[in-house]
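Q: For reference, the structure I am asking about is given below.
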Amino acid sequence: MRETDQAALLRGARELSRGASSAHTGFYSYDTQFYSYWIISTFLPNPPPPVDQFQSRDLVKSGNLICALIFLIGLTAFAIRCAWVKRNPHPAVWIAFLACPAVLLCTPLAGSAIVSLGFLFLLALTASMKQSVATLFPAALLAFLSVASRADTILLMPLICWCASPSTTVSRLPAFPFIWAIATGSILALATGQWISGGTGTFFYGDFFDSKVFLAYLVFGLGSLLVVGGFLLISVGKNRELPLSFRITGILCASLPMLFYSTQLFSPRHLLTTAAAILIFACLPSRNRIPRIPGRIAIPIVALSLLPLFIGVRLPEISRPSLTLSKSTRFPTTDGLWPMGATLPFLIDLAEGDSIDHNQQIWQSAISFETAWPESDHIRILETPMREYLLLAASLRGKKATLLPVGNSLPTNANSPSVLSDLRSLNTRRPGHVRPQSTAKYDSWITNLRESGYTLITAETEISPLIVFGNEQPDGLHSEQKLARKFFGGDEFRINRVCSTNQPCSIENLAAGHRHLITASAPFQLGSKKAAPSVSGKEILYFLPVTDPSDFKSDLTSQAIDSELKIWSTTLPDYMARRFFTEK
């Protein structure tokens with residue numbers, strides 16, 4: 001499990017397979033990806049609830065496999081067709097696409113984008129054939145299935161039409177029946193999505209642009225495909241054999257996915273449409289429109305494709321870059337942490353079940369913490385960015401779940417169902433796309449929730465606890481947790497190490513560039529530096545912020561017999577402060 005969108009898709013597909021109505025459902029983005037829900041529900045195993053955590057993992061694997069197979073079938077068929085008609089570009093293009101980080105990191109996961117691109121490559125295959133009346137219906141059908149699986153695939157339809165058009169005169173393009181077939185299928189898919197969702201669709205999810213983030217996503221999301229795309233655009237622009245208007249049209253069609261996502265690029269996953277556009281742009285047109293990539297460019301492309309699979313960048317601070325063969329620095333996205341190169345080691349960690357970020361941790365909590373779930377069949381889940389993991393876990397347990405929107409007060413009726421949430425979302429300053437009018441109001445809302453009483457559900461090895469509100473029990477959240485939230489100012493944090501009474505705790509392994517907070521319920525010493533006291537709640541906490549671990553080489557030892565000392569740290573370097581990256 002890697003993304004909340006993945007959890008939402010699996011939950012919706014499971015409920016559809018168990019008899020839920022396929023019209024007017026409240027599934028996430030159902031209007032723009034309804035066919036992805038439908039096709040996964042057709043093949044998804046459907047064990048009756050309650051499903052234990054081992055069956056939950058099998059369910060996730062099945063969903064991942066279904067989507068990956070759809071994608072690989074379409075891609076393989078398109079590759080065979082390109083080779084058959086001798087339109088195949090230089091092998092460097094295929095290497096660049098297959099090694100593209102966005103493709104590598106998204107293909108193994110259940111997702112509407114992967115399903116949609118599978119049908120899109122089959123459509124591109126159809127476009128490479130000799131056009132006749134017999135190809136119009138398959139083209140319209142595949143365009144419908146692609147856009148119905150994920151609506152943003154419609155951004156690639158103009159490019160396919162440009163590549164497959166027999167004429168290079170823009171004014172004559174409307175006379176090409178193939179274009180009308182694709183347009184009919186695409187528009188019908190959008191209209192169907194609006195109809196079955198009751199006309200509540202959303203096609204734009206807000207604006208966000210930061211030049212450094214945008215550049216990082218392009219470099220570590222597309223990799224060497226950036227070079228391929230640049231070469232193709234320049235080649236079309238310089239091709240004097242084509243009319244200027246046709247060249248400009250082709251460049252705009254190829255750039256449309258990137259232009260659309262440039263102001264809402266919340267994750268490198270959104271670059272999948274751009275990666276597909278570059279591959280289709282290189283493979284589908286005839287050679288008189290785009291020349292074959294020359295060897296002098298192909299060699300660097302291959303090198304830029306293969307080396308980042310094994311070599312990454314370690315960047316604890318902007319001024320201290322270095323290369324690594326193991327764990328590269330990871331940067332925040334709305335789909336969790338992504339690596340700065342060393343893509344294969346990252347994938348191996350995922351395959352082995354390592355907790356890359358909060359996504360795996362919260363999902364593990366949702367399926368394993370039995371005490372968090374009430375005996376009743378109804379539960380309310382706080383509408384935080386991580387809600388989809390809890391909703392899927394509730395579905396697997398056979399419980400009816402409803403959402404409590406952020407900012408709303410808890411039910412006052414004693415018979416009202418419990419309200420469940422993950423603690424991490426409440427520790428971040430702004431949970432996901434929810435934008436309260438002021439930080440003070442949001443903090444006040446969290447305080448009111450905690451004052452209503454709650455129970456913290458956690459384990460010794462778990463750093464993403466769940467929290468159950470409304471049970472009128474005393475405040476179970478330790479004051480150091482509150483202190484850490486205030487100290488880190490909304491950035492995500494974790495317990496780096498726990499030191500028991502009178503046992504030394506080395507801090508030489510604390511990551512440079514991160515902020516660290518040391519807390520204890522009694523005085524302690526760090527070398528020659530004594531901690532300063534801070535009053536928080538009913539306990540007196542002694543804490544010491546550590547900004548540069550290299551300053552402290554001696555062991556850290558608690559001076560009080562009954563105290564427990566903890567080290568908290570930000571999950572990301574300071575220059576990656578989350579701000580806009582409170583994951584949805």
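Note on naming: chains are A, B, ... as they come in the structure tokens, residues start from 1 per chain, ligands start from 1 in the order shown.
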So that I can check the surroundings of segment 172-189 of chain A, please list as a ChimeraX atom specification every protein, DNA and RNA residue that reaches within 9 Å of it, counting only C-alpha atoms and ignoring chain neighbours fewer than 4 positions away.

A: /A:32,123,127,131-133,135-149,151,153-154,157-158,160-162,164-168,193-194

Q: Hey, what's within 8 Å of Gly63 of chain A if we count only C-alpha atoms and toss same-chain stuff fewer than 6 positions away? As a list of chain:residue names, please?

A: A:Leu10, A:Ile40, A:Leu44, A:Leu109, A:Ala110

Q: Would you list, as a ChimeraX atom specification, the residues of segment 249-449 of chain A that end up in helix (DSSP H, G or I) under DSSP run on this structure's backbone?

A: /A:249-261,268-283,295-310,343-351,358-368,370-372,387-396,423-427,439-449

Q: In terms of the shortest atom-to-atom distance over only C-alpha atoms, which of A:Phe34, A:Pro49, A:Ile70, A:Phe27 is closest to Ala394 of chain A?

A: A:Pro49

Q: Between A:Leu315, A:Ala191, A:Leu271, A:Leu390, which residue has the minimum interatomic distance to Trp363 of chain A, considering only C-alpha atoms?

A: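 Going through A:Leu315, A:Ala191, A:Leu271, A:Leu390 one by one, the smallest distance to Trp363 of chain A is for A:Leu390.
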
Q: What does the structure give for the distance between atom CA of Ile495 of chain A and atom CA of Asn448 of chain A, in Å to one decimal?

A: 25.3 Å

Q: For atom CA of Arg494 of chain A and atom CA of Asn427 of chain A, quote the distance in Å rounded to one decimal.

A: 10.6 Å

Q: Do a neighbour search on Phe43 of chain A at 10 Å with only C-alpha atoms, toss out local chain neighbours closer than 2 positions, and write the hits as a PDB file with C-alpha atoms, in the first residue's frame.

A:
```pdb
ATOM      1  CA  ALA A  13     -13.922  -1.819  -6.351  1.00  0.00           C
ATOM      2  CA  ARG A  14     -14.537  -4.148  -3.416  1.00  0.00           C
ATOM      3  CA  SER A  17     -18.110  -6.338  -6.363  1.00  0.00           C
ATOM      4  CA  TRP A  38     -15.530  -1.301 -12.577  1.00  0.00           C
ATOM      5  CA  ILE A  39     -12.757  -3.335 -14.179  1.00  0.00           C
ATOM      6  CA  ILE A  40     -10.886  -3.911 -10.897  1.00  0.00           C
ATOM      7  CA  SER A  41     -14.116  -4.981  -9.206  1.00  0.00           C
ATOM      8  CA  PRO A  45     -11.045 -11.449  -5.048  1.00  0.00           C
ATOM      9  CA  ASN A  46     -13.919 -10.863  -2.694  1.00  0.00           C
ATOM     10  CA  SER A  62      -4.363  -8.672  -6.227  1.00  0.00           C
ATOM     11  CA  GLY A  63      -5.408  -5.103  -7.020  1.00  0.00           C
ATOM     12  CA  ILE A  66      -4.709  -6.474 -12.019  1.00  0.00           C
TER      13      ILE A  66
END
```

Q: Would you mind listing what lies within 12 Å of Gln55 of chain A as JSON, numbers by chain, with only C-alpha atoms counted and same-chain residues fewer than 2 positions away left out?

A: {"A": [45, 46, 47, 48, 49, 50, 51, 52, 53, 57, 58, 59, 60, 61, 62, 367, 368, 393, 396, 397]}

Q: So which one's closest to Leu75 of chain A, A:Ala96, A:Ile280, A:Ala8, A:Val406? Using only C-alpha atoms, please.

A: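 When distances to Leu75 of chain A are compared using only C-alpha atoms, the smallest one comes from A:Ile280.
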
Q: Check the smallest atom-to-atom distance from each of A:Pro345, A:Gly398, A:Pro291, A:Pro417 to Arg18 of chain A using only C-alpha atoms, then report the winner.

A: A:Gly398

Q: Which polymer residues have any atom within 10 Å of an atom of Trp373 of chain A, counting only C-alpha atoms, with same-chain residues fewer than 4 positions away left out, as a list in words?

A: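 Close residues of Trp373 of chain A: Ala366, Ile367, Phe369, Asp377, His378, Ile379, Ala393, Ala394, Arg397, Lys399, Ser418, Val419, Leu420 and Val468 of chain A.
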
Q: Keeping only C-alpha atoms, write the selected residues as a compact mmCIF listing (two decimals), in the first residue's frame.

A:
```txt
# COMPACT_ATOMS: atom_id res chain seq x y z
CA ALA A 366 -5.63 0.30 10.36
CA ILE A 367 -5.60 -3.44 9.65
CA PHE A 369 -5.11 -2.54 15.72
CA ASP A 377 -21.34 -2.12 12.87
CA HIS A 378 -21.21 1.67 12.48
CA ILE A 379 -18.23 3.96 12.93
CA ALA A 393 -10.08 -1.19 6.74
CA ALA A 394 -13.67 -0.56 7.87
CA ARG A 397 -14.24 -5.53 8.67
CA LYS A 399 -18.54 -2.01 9.10
CA SER A 418 -17.03 6.37 17.91
CA VAL A 419 -14.91 8.69 15.80
CA LEU A 420 -11.65 7.20 14.54
CA VAL A 468 -10.54 7.14 19.06
```

Q: Could you go through segment 174-370 of chain A and tell me which residues DSSP, when run on the backbone, assigns to strand (DSSP E or B), listing them as a list of chain:residue names?

A: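 Matching residues for strand (DSSP E or B) in segment 174-370 of chain A are A:Phe208, A:Gln264, A:Gly312, A:Val313, A:Arg314, A:Ser322, A:Leu323, A:Thr324, A:Arg330, A:Phe331, A:Pro332, A:Thr333, A:Thr334, A:Gly336, A:Leu337, A:Trp338, A:Pro339, A:Gly341.
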